[in-house]
>>> print(open('coords.txt').read())   # compact mmCIF, C-alpha atoms
# COMPACT_ATOMS: atom_id res chain seq x y z
CA MET Y 8 21.86 -11.14 29.21
CA GLN Y 9 21.27 -13.85 26.69
CA THR Y 10 24.19 -15.57 25.11
CA ASP Y 11 24.67 -15.66 21.42
CA ASP Y 12 24.15 -19.42 21.59
CA ASP Y 13 20.48 -18.75 22.29
CA LEU Y 14 20.30 -16.66 19.14
CA LYS Y 15 22.00 -19.36 17.12
CA ASP Y 16 19.47 -21.90 18.36
CA LEU Y 17 16.63 -19.56 17.59
CA LEU Y 18 17.92 -18.88 14.09
CA GLY Y 19 18.15 -22.62 13.53
CA ARG Y 20 14.50 -22.96 14.52
CA VAL Y 21 13.50 -20.05 12.30
CA ALA Y 22 15.23 -21.79 9.40
CA ALA Y 23 12.91 -24.72 10.09
CA GLY Y 24 9.89 -22.43 9.85
CA ASP Y 25 9.26 -21.84 13.54
CA ARG Y 26 7.41 -18.54 13.92
CA ASP Y 27 7.63 -18.59 17.72
CA ALA Y 28 11.41 -18.57 17.39
CA LEU Y 29 11.18 -15.53 15.12
CA ARG Y 30 9.09 -13.82 17.77
CA ALA Y 31 11.61 -14.73 20.44
CA ILE Y 32 14.34 -13.12 18.33
CA TYR Y 33 12.16 -10.07 17.88
CA LEU Y 34 11.61 -9.77 21.62
CA ARG Y 35 15.33 -9.95 22.31
CA GLN Y 36 16.74 -7.94 19.47
CA SER Y 37 14.17 -5.48 18.15
CA THR Y 38 15.20 -2.56 20.39
CA ARG Y 39 18.82 -2.91 19.38
CA LEU Y 40 18.00 -3.40 15.70
CA PHE Y 41 15.49 -0.56 15.62
CA GLY Y 42 18.22 1.67 17.08
CA ILE Y 43 20.51 0.67 14.21
CA ALA Y 44 17.84 1.50 11.62
CA MET Y 45 17.04 4.81 13.36
CA ALA Y 46 20.70 5.87 13.40
CA ILE Y 47 20.69 5.55 9.60
CA LEU Y 48 17.17 6.68 8.71
CA ARG Y 49 16.27 9.08 11.56
CA ASP Y 50 12.60 8.51 10.86
CA ARG Y 51 10.48 6.11 12.91
CA THR Y 52 8.12 5.22 10.09
CA ALA Y 53 10.93 4.44 7.68
CA ALA Y 54 12.86 2.57 10.37
CA ALA Y 55 9.79 0.47 11.22
CA ASP Y 56 9.32 -0.42 7.53
CA VAL Y 57 12.97 -1.42 7.36
CA LEU Y 58 12.78 -3.53 10.50
CA GLN Y 59 9.76 -5.31 9.07
CA GLU Y 60 11.64 -5.92 5.83
CA GLY Y 61 14.65 -7.03 7.86
CA PHE Y 62 12.66 -9.61 9.80
CA LEU Y 63 11.11 -10.85 6.59
CA ARG Y 64 14.63 -11.42 5.28
CA VAL Y 65 15.57 -13.16 8.52
CA TRP Y 66 12.56 -15.43 8.06
CA GLN Y 67 13.50 -16.22 4.47
CA ARG Y 68 17.26 -16.47 4.89
CA ALA Y 69 17.80 -17.94 8.35
CA GLY Y 70 18.91 -21.12 6.58
CA GLN Y 71 21.87 -19.22 5.15
CA PHE Y 72 23.12 -18.26 8.60
CA ASP Y 73 26.20 -20.33 9.40
CA PRO Y 74 26.76 -20.53 13.17
CA GLU Y 75 30.33 -21.69 12.56
CA ARG Y 76 31.20 -18.49 10.78
CA GLY Y 77 29.86 -15.73 12.90
CA ASP Y 78 27.53 -14.78 15.65
CA GLY Y 79 23.80 -14.30 15.41
CA ALA Y 80 23.70 -10.70 16.61
CA THR Y 81 26.22 -9.65 13.94
CA TRP Y 82 24.25 -11.44 11.25
CA LEU Y 83 21.01 -9.74 12.32
CA SER Y 84 22.66 -6.32 12.52
CA ALA Y 85 24.07 -6.73 9.03
CA ILE Y 86 20.66 -7.60 7.59
CA VAL Y 87 19.06 -4.55 9.20
CA ARG Y 88 21.95 -2.28 8.25
CA TYR Y 89 21.83 -3.30 4.58
CA ALA Y 90 18.06 -2.91 4.52
CA SER Y 91 18.45 0.54 6.08
CA LEU Y 92 21.17 1.52 3.61
CA ASP Y 93 18.98 0.34 0.73
CA ALA Y 94 16.12 2.46 2.05
CA ALA Y 95 18.41 5.46 2.49
CA ARG Y 96 19.68 5.05 -1.08
CA ALA Y 97 16.17 4.58 -2.42
CA ARG Y 98 15.03 7.87 -0.99
CA GLY Y 99 18.10 9.42 -2.62
CA ARG Y 100 19.53 10.14 0.80
CA GLU Y 101 17.41 13.23 0.43
CA ILE Y 102 17.64 14.10 4.10
CA PRO Y 103 19.57 17.32 4.01
CA THR Y 104 23.02 16.96 5.44
CA ASP Y 105 22.43 20.11 7.44
CA ASP Y 106 19.50 18.38 9.13
CA PRO Y 107 19.92 19.73 12.65
CA SER Y 108 18.59 16.55 14.21
CA LEU Y 109 21.51 14.74 12.66
CA GLY Y 110 23.95 16.87 14.60
CA ASP Y 111 22.14 16.14 17.83
CA THR Y 112 22.19 12.42 17.44
CA MET Y 113 25.54 11.81 15.81
CA VAL Y 114 27.77 9.37 17.56
CA GLU Y 115 30.77 11.39 18.73
CA PRO Y 116 34.16 10.18 17.55
CA GLU Y 117 35.27 10.00 21.18
CA ALA Y 118 32.49 7.51 21.74
CA ILE Y 119 34.72 4.70 20.57
CA GLY Y 120 35.59 4.36 24.22
CA LEU Y 121 32.13 2.85 24.57
CA ILE Y 122 32.71 0.05 22.09
CA ALA Y 123 31.97 -3.29 23.66
CA ALA Y 124 34.99 -4.58 25.50
CA ASP Y 125 34.84 -8.12 24.14
CA GLU Y 126 37.78 -9.40 22.17
CA GLU Y 127 36.58 -8.18 18.79
CA GLY Y 128 35.60 -4.84 20.30
CA LYS Y 129 38.95 -4.26 22.00
CA LEU Y 130 40.80 -4.95 18.79
CA LEU Y 131 38.63 -2.62 16.73
CA ARG Y 132 38.91 0.12 19.31
CA ALA Y 133 42.67 -0.13 19.46
CA CYS Y 134 42.87 -0.01 15.66
CA LEU Y 135 40.47 2.94 15.39
CA GLU Y 136 42.44 4.86 17.97
CA ARG Y 137 45.50 4.60 15.80
CA LEU Y 138 43.77 6.29 12.88
CA PRO Y 139 43.90 10.04 12.30
CA ALA Y 140 40.73 11.52 13.81
CA ALA Y 141 39.21 12.53 10.48
CA ASN Y 142 39.62 9.06 8.96
CA ARG Y 143 38.11 7.50 12.04
CA GLN Y 144 35.22 9.91 12.03
CA GLY Y 145 34.43 9.31 8.37
CA ILE Y 146 34.27 5.57 8.86
CA ILE Y 147 32.02 5.90 11.91
CA MET Y 148 29.70 8.35 10.13
CA ALA Y 149 29.36 5.93 7.25
CA PHE Y 150 28.91 2.77 9.26
CA VAL Y 151 26.71 4.08 12.07
CA HIS Y 152 24.72 6.78 10.27
CA GLY Y 153 24.79 5.46 6.74
CA LEU Y 154 26.17 8.73 5.38
CA SER Y 155 27.43 8.81 1.80
CA HIS Y 156 30.78 10.26 0.76
CA PRO Y 157 29.22 13.61 -0.24
CA GLU Y 158 27.29 13.83 3.04
CA ILE Y 159 30.40 13.15 5.06
CA ALA Y 160 32.26 15.77 3.01
CA VAL Y 161 29.63 18.36 3.92
CA LYS Y 162 29.66 17.31 7.55
CA LEU Y 163 33.41 17.54 7.84
CA GLY Y 164 33.63 20.64 5.65
CA GLN Y 165 36.11 18.96 3.33
CA PRO Y 166 36.28 18.39 -0.42
CA LEU Y 167 34.68 15.16 -1.62
CA GLY Y 168 37.95 13.76 -3.00
CA THR Y 169 39.72 14.33 0.29
CA VAL Y 170 37.02 12.54 2.23
CA LYS Y 171 37.01 9.60 -0.16
CA SER Y 172 40.72 9.12 0.22
CA TRP Y 173 40.59 9.56 4.01
CA ILE Y 174 38.03 6.79 4.28
CA ARG Y 175 39.91 4.57 1.92
CA ARG Y 176 43.16 5.11 3.76
CA GLY Y 177 41.39 4.55 7.05
CA LEU Y 178 40.02 1.23 5.82
CA LEU Y 179 43.42 0.15 4.51
CA ASN Y 180 44.98 0.91 7.88
CA LEU Y 181 42.19 -0.89 9.66
CA ARG Y 182 42.63 -3.95 7.53
CA GLU Y 183 46.30 -4.09 8.33
CA CYS Y 184 45.69 -3.55 12.00
CA LEU Y 185 42.78 -5.97 12.32
CA THR Y 186 44.39 -8.99 10.67
CA MET Z 25 33.36 0.80 -10.60
CA SER Z 26 32.55 -0.96 -13.88
CA ALA Z 27 33.22 -4.46 -12.60
CA LEU Z 28 34.44 -6.08 -9.44
CA PRO Z 29 38.26 -6.00 -9.23
CA ASP Z 30 40.16 -9.26 -9.48
CA ASP Z 31 42.99 -8.10 -7.26
CA PRO Z 32 42.32 -9.44 -3.73
CA ASP Z 33 43.45 -6.22 -2.04
CA GLU Z 34 41.20 -4.14 -4.21
CA LEU Z 35 38.35 -6.58 -3.73
CA SER Z 36 38.84 -6.29 0.01
CA MET Z 37 38.45 -2.51 -0.23
CA VAL Z 38 35.25 -2.91 -2.23
CA ALA Z 39 33.98 -5.30 0.43
CA ALA Z 40 34.89 -2.80 3.14
CA GLU Z 41 33.07 0.05 1.41
CA TYR Z 42 30.09 -2.22 0.86
CA VAL Z 43 30.00 -3.03 4.57
CA ILE Z 44 30.37 0.56 5.78
CA GLY Z 45 27.77 1.61 3.20
CA THR Z 46 29.66 4.15 1.12
CA LEU Z 47 29.13 2.42 -2.23
CA ASP Z 48 26.47 4.06 -4.36
CA ALA Z 49 23.28 2.14 -5.12
CA ARG Z 50 24.58 0.67 -8.37
CA ASP Z 51 27.85 -0.62 -6.93
CA ALA Z 52 26.17 -1.91 -3.78
CA LEU Z 53 23.78 -3.88 -5.98
CA ARG Z 54 26.70 -5.21 -8.01
CA VAL Z 55 28.31 -6.53 -4.83
CA GLU Z 56 25.05 -7.97 -3.56
CA ARG Z 57 24.45 -9.88 -6.78
CA ALA Z 58 28.01 -11.19 -6.84
CA LEU Z 59 27.90 -12.45 -3.25
CA ALA Z 60 26.07 -15.70 -3.96
CA GLY Z 61 28.55 -16.86 -6.60
CA ASN Z 62 31.79 -15.34 -5.33
CA ALA Z 63 33.14 -17.11 -2.26
CA ALA Z 64 36.18 -14.81 -1.95
CA LEU Z 65 33.97 -11.75 -1.88
CA ARG Z 66 31.58 -13.36 0.58
CA ASP Z 67 34.50 -14.16 2.82
CA LEU Z 68 35.81 -10.61 2.73
CA VAL Z 69 32.39 -9.13 3.42
CA GLN Z 70 31.85 -11.44 6.37
CA ARG Z 71 35.27 -10.62 7.77
CA TRP Z 72 34.61 -6.88 7.59
CA GLU Z 73 31.17 -7.34 9.12
CA ARG Z 74 32.69 -9.22 12.02
CA HIS Z 75 35.50 -6.70 12.56
CA LEU Z 76 33.24 -3.65 12.41
CA ALA Z 77 30.24 -5.11 14.24
CA PRO Z 78 31.38 -3.66 17.61
CA LEU Z 79 30.56 -0.21 16.19
CA ASN Z 80 26.90 -1.21 16.53
CA THR Z 81 27.27 -0.98 20.29
CA LEU Z 82 27.67 2.79 19.91
CA VAL Z 83 24.13 3.12 18.61
CA PRO Z 84 21.49 4.02 21.19
CA GLN Z 85 18.78 1.38 21.44
CA GLU Z 86 15.24 2.44 20.72
CA ALA Z 87 11.93 0.61 21.08
CA PRO Z 88 10.09 0.07 17.79
CA PRO Z 89 6.39 1.01 17.43
CA PRO Z 90 4.20 -1.36 19.46
CA ASP Z 91 2.30 -2.72 16.43
CA LEU Z 92 5.41 -3.72 14.55
CA TRP Z 93 5.47 -7.35 15.60
CA ALA Z 94 1.88 -7.80 14.40
CA ARG Z 95 2.90 -6.40 11.02
CA ILE Z 96 5.87 -8.75 10.81
CA GLU Z 97 3.73 -11.70 11.78
CA ARG Z 98 1.32 -10.90 8.98
CA ALA Z 99 4.20 -10.45 6.55
CA VAL Z 100 5.65 -13.88 7.29
CA SER Z 101 2.30 -15.64 7.10
CA PRO Z 102 1.39 -17.40 3.88
CA ALA Z 103 -0.45 -14.95 1.66
CA ARG Z 104 -3.43 -17.22 1.40
CA GLU Z 105 -4.06 -19.47 4.31
CA THR Z 106 -5.67 -22.77 3.69
CA PRO Z 107 -8.06 -23.72 6.46
CA ARG Z 108 -5.56 -26.41 7.39
CA ALA Z 109 -2.87 -23.82 7.96
CA ALA Z 110 -5.36 -21.68 9.82
CA ALA Z 111 -6.21 -24.63 11.99
CA SER Z 112 -2.59 -25.12 12.98
CA LYS Z 113 -2.20 -21.44 13.81
CA PRO Z 114 -3.39 -20.89 17.35
CA SER Z 115 -3.64 -17.11 17.23
CA VAL Z 116 -6.47 -17.03 14.70
CA PHE Z 117 -7.96 -20.34 15.47
CA LEU Z 118 -8.07 -20.03 19.21
CA ARG Z 119 -10.02 -16.84 18.86
CA LEU Z 120 -12.60 -18.66 16.80
CA TRP Z 121 -12.84 -21.49 19.24
CA GLN Z 122 -12.91 -19.20 22.18
CA GLY Z 123 -15.89 -17.71 20.44
CA TRP Z 124 -17.33 -21.13 19.83
CA ALA Z 125 -16.79 -21.92 23.46
CA LEU Z 126 -18.88 -18.98 24.45
CA GLY Z 127 -20.82 -21.86 25.88
CA ALA Z 128 -23.94 -20.15 27.06
CA THR Z 129 -24.42 -18.19 23.87
CA ALA Z 130 -23.87 -21.13 21.59
CA VAL Z 131 -26.10 -23.37 23.63
CA ALA Z 132 -28.77 -20.74 23.74
CA ALA Z 133 -28.56 -20.44 19.98
CA THR Z 134 -28.75 -24.19 19.58
CA MET Z 135 -31.75 -24.40 21.85
CA ALA Z 136 -33.46 -21.60 20.01
CA TRP Z 137 -32.86 -23.45 16.77
CA LEU Z 138 -33.95 -26.82 18.08
CA ALA Z 139 -37.18 -25.27 19.19
CA LEU Z 140 -37.87 -24.44 15.56
CA VAL Z 141 -37.02 -27.84 14.14
CA PRO Z 142 -39.71 -30.46 13.90
CA PRO Z 143 -38.86 -33.57 15.96
CA GLN Z 144 -38.65 -35.92 12.97
CA ALA Z 145 -35.86 -33.79 11.57
CA ALA Z 146 -33.72 -34.11 14.69
CA PRO Z 147 -30.16 -33.78 13.43
CA ARG Z 148 -27.38 -36.28 13.72
CA MET Z 149 -24.64 -33.70 13.82
CA MET Z 150 -24.55 -30.01 14.25
CA THR Z 151 -22.40 -27.01 14.83
CA VAL Z 152 -22.64 -23.30 15.29
CA LEU Z 153 -20.51 -21.22 12.95
CA VAL Z 154 -18.88 -18.25 14.62
CA SER Z 155 -17.16 -15.24 13.19
CA ASP Z 156 -13.65 -14.07 13.86
CA ALA Z 157 -15.23 -11.63 16.28
CA SER Z 158 -16.74 -14.58 18.16
CA GLN Z 159 -20.23 -13.85 16.97
CA VAL Z 160 -22.58 -16.76 16.57
CA ALA Z 161 -23.83 -16.41 13.03
CA TRP Z 162 -24.94 -19.67 11.43
CA MET Z 163 -26.19 -23.06 12.41
CA ALA Z 164 -25.21 -26.09 10.36
CA GLU Z 165 -26.75 -29.48 10.91
CA VAL Z 166 -26.76 -32.84 9.25
CA ASP Z 167 -30.05 -34.69 9.09
CA ARG Z 168 -30.69 -38.43 9.22
CA GLY Z 169 -30.41 -38.68 5.48
CA GLY Z 170 -26.96 -37.08 5.38
CA GLY Z 171 -28.23 -33.78 4.05
CA LEU Z 172 -26.67 -30.59 5.33
CA ARG Z 173 -28.80 -27.67 6.34
CA LEU Z 174 -27.47 -24.21 6.95
CA ALA Z 175 -29.47 -21.52 8.66
CA ALA Z 176 -28.64 -17.93 9.46
CA LEU Z 177 -29.11 -17.05 13.07
CA GLY Z 178 -30.68 -13.63 12.95
CA GLY Z 179 -31.80 -11.55 15.82
CA PRO Z 180 -29.67 -10.30 18.64
CA LEU Z 181 -27.52 -13.42 18.75
CA GLY Z 182 -26.13 -13.18 15.27
CA ALA Z 183 -25.06 -10.20 13.24
CA PRO Z 184 -26.78 -9.77 9.87
CA ASN Z 185 -24.12 -11.99 8.44
CA ASN Z 186 -26.08 -13.93 5.90
CA THR Z 187 -25.43 -11.32 3.25
CA ALA Z 188 -22.08 -10.76 1.60
CA PRO Z 189 -20.92 -7.24 0.80
CA GLU Z 190 -21.95 -5.92 -2.63
CA GLY Z 191 -20.04 -7.67 -5.39
CA ARG Z 192 -18.95 -10.63 -3.25
CA VAL Z 193 -20.53 -13.95 -2.41
CA LEU Z 194 -20.42 -16.38 0.49
CA GLN Z 195 -19.18 -19.87 -0.24
CA LEU Z 196 -19.65 -22.91 1.96
CA TRP Z 197 -16.84 -25.41 2.46
CA ALA Z 198 -16.29 -28.67 4.28
CA LEU Z 199 -12.99 -29.96 5.57
CA PRO Z 200 -13.16 -33.53 6.87
CA PRO Z 201 -10.70 -34.49 9.62
CA GLY Z 202 -7.32 -35.32 8.13
CA ALA Z 203 -8.07 -33.71 4.78
CA THR Z 204 -5.56 -31.20 3.52
CA ALA Z 205 -7.92 -29.15 1.40
CA PRO Z 206 -11.55 -28.20 1.85
CA THR Z 207 -14.28 -29.13 -0.60
CA SER Z 208 -16.77 -26.60 -1.82
CA LEU Z 209 -20.36 -27.26 -0.90
CA GLY Z 210 -21.58 -24.42 -3.05
CA LEU Z 211 -22.51 -20.77 -2.80
CA VAL Z 212 -24.81 -19.45 -0.15
CA PRO Z 213 -27.71 -17.76 -1.98
CA ARG Z 214 -27.63 -14.02 -1.39
CA GLY Z 215 -29.82 -12.94 1.46
CA SER Z 216 -30.90 -16.49 2.20
CA GLU Z 217 -31.82 -17.47 5.70
CA GLN Z 218 -31.73 -21.18 5.06
CA MET Z 219 -30.32 -23.57 2.55
CA THR Z 220 -30.30 -27.32 2.32
CA ILE Z 221 -27.84 -29.46 0.46
CA SER Z 222 -29.45 -32.85 0.24
CA VAL Z 223 -26.38 -34.65 -1.08
CA PRO Z 224 -23.24 -32.80 0.02
CA ALA Z 225 -20.10 -33.25 -2.08
CA VAL Z 226 -18.44 -34.80 0.96
CA THR Z 227 -20.11 -37.03 3.48
CA PRO Z 228 -20.46 -35.15 6.76
CA VAL Z 229 -18.63 -36.80 9.64
CA PRO Z 230 -18.09 -35.69 13.22
CA GLY Z 231 -15.06 -33.44 13.51
CA MET Z 232 -15.55 -32.02 10.04
CA LEU Z 233 -14.98 -28.27 9.77
CA ILE Z 234 -17.68 -26.23 8.12
CA GLU Z 235 -16.55 -22.88 6.84
CA ILE Z 236 -17.94 -19.92 4.97
CA SER Z 237 -15.53 -17.78 2.98
CA LEU Z 238 -15.93 -14.49 1.16
CA GLU Z 239 -15.37 -14.92 -2.58
CA PRO Z 240 -15.66 -13.07 -5.88
CA PRO Z 241 -18.91 -13.39 -7.84
CA GLY Z 242 -19.42 -16.99 -8.95
CA GLY Z 243 -17.32 -18.29 -6.09
CA SER Z 244 -13.66 -19.16 -5.70
CA PRO Z 245 -12.04 -19.62 -9.10
CA GLY Z 246 -9.93 -22.43 -7.69
CA PRO Z 247 -10.38 -25.51 -5.55
CA ARG Z 248 -9.76 -23.62 -2.31
CA PRO Z 249 -11.11 -20.50 -0.66
CA THR Z 250 -9.44 -17.37 -2.00
CA GLY Z 251 -11.00 -14.93 0.41
CA PRO Z 252 -11.01 -14.83 4.18
CA VAL Z 253 -12.84 -17.52 6.10
CA LEU Z 254 -15.53 -15.51 7.82
CA PHE Z 255 -17.26 -18.23 9.80
CA ILE Z 256 -16.19 -21.59 11.05
CA GLY Z 257 -17.56 -24.43 13.14
CA ARG Z 258 -16.80 -28.09 13.80
CA LEU Z 259 -19.48 -30.71 13.43
CA SER Z 260 -20.17 -32.85 16.45
CA GLN Z 261 -22.65 -35.58 17.27
CA ALA Z 262 -26.00 -34.25 18.31
CA GLY Z 263 -27.70 -35.82 21.30
CA PRO Z 264 -30.16 -38.71 20.89
CA PRO Z 265 -33.27 -37.74 18.94
CA VAL Z 266 -35.99 -36.32 21.11
>>> encode(input="coords.txt", output="C-alpha cells")
Amino acid sequence: MQTDDDLKDLLGRVAAGDRDALRAIYLRQSTRLFGIAMAILRDRTAAADVLQEGFLRVWQRAGQFDPERGDGATWLSAIVRYASLDAARARGREIPTDDPSLGDTMVEPEAIGLIAADEEGKLLRACLERLPAANRQGIIMAFVHGLSHPEIAVKLGQPLGTVKSWIRRGLLNLRECLT
Amino acid sequence: MSALPDDPDELSMVAAEYVIGTLDARDALRVERALAGNAALRDLVQRWERHLAPLNTLVPQEAPPPDLWARIERAVSPARETPRAAASKPSVFLRLWQGWALGATAVAATMAWLALVPPQAAPRMMTVLVSDASQVAWMAEVDRGGGLRLAALGGPLGAPNNTAPEGRVLQLWALPPGATAPTSLGLVPRGSEQMTISVPAVTPVPGMLIEISLEPPGGSPGPRPTGPVLFIGRLSQAGPPV
C-alpha cells in the first residue's frame, strides 16, 4: 500500500505540470475515486464524466493543495465528491428515490464498523456510534450517496423538517465530539 | 440561506452541510464562491472534510471504464499543440518516429524517389514525411540551390494523402532546430503531386522538421498551424551526390 507521502509528492509534481505524475495518481486512485462517484451518481457514464472533470480539476488546482494541512487522498476524494454532487444537482437529482438499485447498494448504517481504523477513523466511528441511529443514517446517506434532504426524508419515511433537524443535530453532536 | 452567517457556530454548520452535500445548488455555489476569500470558512470546510473523510472507506471501489485515462489525457493537453509541444510529447511523437523508422519502407520509398530524380538534382537534404498512422506519404528534399521540393508518394507505399478533404487545405511548415514556432512555407496546391519552393521562407538546415497541417481554406489564419499536423519528417543530410 502506498503511503500518502507518495501522493503528496505526486501532487507536487502535478502542480509543476508533470503529466506522468497525474497518470501515476490515476493508476493509484482511480478505482477508489470512481467508487466514490458511483456511490453518488449510480451511473457509469455520469461517474466517468465526473472523474474526468475531477482529474481536470486536480491538474488545474494541484498547486492549491497544501501538504501541511491535509492528506492527498482526502483532497482528491473531496474534489471528486464535489464534482459528483454538482453533477447530481445539475441533473436535478432526478433519479427517483425509490430507485430499487439504490436500496441494493446503500451503505448500511452498521457498516460504520468498517471505517478505517486509523486515528481519524477511530474518532469518527466513536462519535458516530454515539448518535441516534436515524441521525447517523441521514449523515451517511448524504455524505456517501449524495442524497438531498427530501431524498433522505423519503428513504427514512419521515417528514422533511424532521430529517433536516436530525441531520443538523447530528452534525452539531459530531462537531462537539470530534473537537 | 440569503447570505453566509457571521456567527462562527452557524458558519461551521453551513460548512458541514456543504461538505456532506445537503446544501441546495444555490447555497453550495455561494459557499464555493466564498471559499477563496474567506479563510475562516475554508478552515471549517477543511476540518469537516478531514473529520468525515473516513466515511469514504465505506464506499466499494470500482474500476472506471478502460478508456477513461485516454480521455483525461486529452482533456489536460493544450487545446492546440504547437509542433514544439508535440515534439516534447513522446506518445504522439514516438508513434510518428516509429513510423519514420519503418526503415525498410522509408528506404524503399527514398530509393524509388531517387530513381526518378536526375543526377544533377541530387539533394543535399531529404526526409520522408509520415502520417500519424505511420504511413509514408511525402518526400521532401532540398536541392543544391536551397530550394525545397515536395512530392507525394503515391502507389502502394503512400495513401492518397496529397489531397485535403473537401473544404480544407494542406499547409506546409518548417520548424528549424531550436525554434519555438514553425514558419509557413505555403499551401500545398490541391491534388498536386509535386511542388517546388525555390526560396523557402526559412533556410533549410539538417534537423529541421517539415510538417503538413490541415487548415481552413486559405490556410491558417495565424502564424501557427491551427489544424492537426498530418505528416511530419525531419530533414537530414543526404549522401554524397551520385
>>> closest_residue(input="coords.txt", among="Y:Arg20, Y:Arg96, Y:Arg35, Y:Arg176", to="chain Z", atoms="all atoms listed in the file")
Y:Arg96
>>> closest_residue(input="coords.txt", among="Z:Val226, Z:Ala58, Z:Leu65, Z:Val83", to="Y:Val114", atoms="all atoms listed in the file")
Z:Val83
>>> closest_residue(input="coords.txt", among="Z:Ala40, Z:Pro89, Z:Ser260, Z:Ala49", to="Z:His75", atoms="all atoms listed in the file")
Z:Ala40
>>> residues_around(input="coords.txt", residues="Z:Val253", least_positions_apart="2", cutoff="9 Å", atoms="all atoms listed in the file", output="compact mmCIF listing (two decimals) with C-alpha atoms, in the coordinates of the input")
# COMPACT_ATOMS: atom_id res chain seq x y z
CA PRO Z 107 -8.06 -23.72 6.46
CA SER Z 155 -17.16 -15.24 13.19
CA ASP Z 156 -13.65 -14.07 13.86
CA GLU Z 235 -16.55 -22.88 6.84
CA ILE Z 236 -17.94 -19.92 4.97
CA SER Z 237 -15.53 -17.78 2.98
CA LEU Z 238 -15.93 -14.49 1.16
CA PRO Z 249 -11.11 -20.50 -0.66
CA THR Z 250 -9.44 -17.37 -2.00
CA GLY Z 251 -11.00 -14.93 0.41
CA PHE Z 255 -17.26 -18.23 9.80
CA ILE Z 256 -16.19 -21.59 11.05
>>> atom_distance(input="coords.txt", atom1="atom CA of Z:Gln218", atom2="atom CA of Z:Gln159")
18.1 Å
>>> atom_distance(input="coords.txt", atom1="atom CA of Y:Asp16", atom2="atom CA of Y:Gly79")
9.2 Å
>>> closest_residue(input="coords.txt", among="Y:Lys162, Y:Arg175, Y:Arg98, Y:Arg137", to="chain Z", atoms="all atoms listed in the file")
Y:Arg175
>>> closest_residue(input="coords.txt", among="Y:Leu63, Y:Gly42, Y:Ala31, Y:Ala54", to="Z:Ser101", atoms="all atoms listed in the file")
Y:Leu63
>>> residues_near_point(input="coords.txt", point="(-32.3, -22.6, 3.9)", cutoff="9 Å", atoms="all atoms listed in the file", output="short mmCIF file (atom, residue, chain, number, x, y, z; two decimals) with C-alpha atoms, in the coordinates of the input")
data_model
loop_
_atom_site.label_atom_id
_atom_site.label_comp_id
_atom_site.auth_asym_id
_atom_site.auth_seq_id
_atom_site.Cartn_x
_atom_site.Cartn_y
_atom_site.Cartn_z
CA ARG Z 173 -28.80 -27.67 6.34
CA LEU Z 174 -27.47 -24.21 6.95
CA ALA Z 175 -29.47 -21.52 8.66
CA ALA Z 176 -28.64 -17.93 9.46
CA PRO Z 213 -27.71 -17.76 -1.98
CA SER Z 216 -30.90 -16.49 2.20
CA GLU Z 217 -31.82 -17.47 5.70
CA GLN Z 218 -31.73 -21.18 5.06
CA MET Z 219 -30.32 -23.57 2.55
CA THR Z 220 -30.30 -27.32 2.32
CA ILE Z 221 -27.84 -29.46 0.46
#
>>> closest_atom_pairs(input="coords.txt", of="chain Z", to="chain Y", cutoff="8 Å", atoms="only C-alpha atoms", output="Markdown table")
| residue | atom | partner | partner_atom | distance |
| --- | --- | --- | --- | --- |
| Z:Met37 | CA | Y:Leu178 | CA | 7.3 |
| Z:Ala40 | CA | Y:Leu178 | CA | 7.1 |
| Z:Val43 | CA | Y:Phe150 | CA | 7.5 |
| Z:Ile44 | CA | Y:Phe150 | CA | 4.4 |
| Z:Gly45 | CA | Y:Gly153 | CA | 6.0 |
| Z:Thr46 | CA | Y:Ser155 | CA | 5.2 |
| Z:Leu47 | CA | Y:Ser155 | CA | 7.7 |
| Z:Asp48 | CA | Y:Arg96 | CA | 7.6 |
| Z:Ala49 | CA | Y:Arg96 | CA | 6.1 |
| Z:Glu73 | CA | Y:Ala85 | CA | 7.1 |
| Z:Arg74 | CA | Y:Thr81 | CA | 6.8 |
| Z:His75 | CA | Y:Glu127 | CA | 6.5 |
| Z:Leu76 | CA | Y:Leu131 | CA | 7.0 |
| Z:Ala77 | CA | Y:Thr81 | CA | 6.1 |
| Z:Pro78 | CA | Y:Gly128 | CA | 5.1 |
| Z:Leu79 | CA | Y:Ile122 | CA | 6.3 |
| Z:Asn80 | CA | Y:Val151 | CA | 6.9 |
| Z:Thr81 | CA | Y:Ile122 | CA | 5.8 |
| Z:Leu82 | CA | Y:Ile122 | CA | 6.1 |
| Z:Val83 | CA | Y:Ile43 | CA | 6.2 |
| Z:Pro84 | CA | Y:Gly42 | CA | 5.8 |
| Z:Gln85 | CA | Y:Gly42 | CA | 4.4 |
| Z:Glu86 | CA | Y:Gly42 | CA | 4.8 |
| Z:Ala87 | CA | Y:Thr38 | CA | 4.6 |
| Z:Pro88 | CA | Y:Phe41 | CA | 5.9 |
| Z:Pro89 | CA | Y:Ala55 | CA | 7.1 |
| Z:Leu92 | CA | Y:Ala55 | CA | 6.9 |
| Z:Trp93 | CA | Y:Tyr33 | CA | 7.6 |
| Z:Arg95 | CA | Y:Gln59 | CA | 7.2 |
| Z:Ile96 | CA | Y:Gln59 | CA | 5.5 |
| Z:Ala99 | CA | Y:Leu63 | CA | 6.9 |
| Z:Val100 | CA | Y:Leu63 | CA | 6.3 |
>>> closest_residue(input="coords.txt", among="Z:Gly246, Z:Pro224, Z:Pro240, Z:Pro230", to="Z:Ala262", atoms="all atoms listed in the file")
Z:Pro230
>>> atom_distance(input="coords.txt", atom1="atom CA of Z:Ala63", atom2="atom CA of Z:Ala27")
16.3 Å
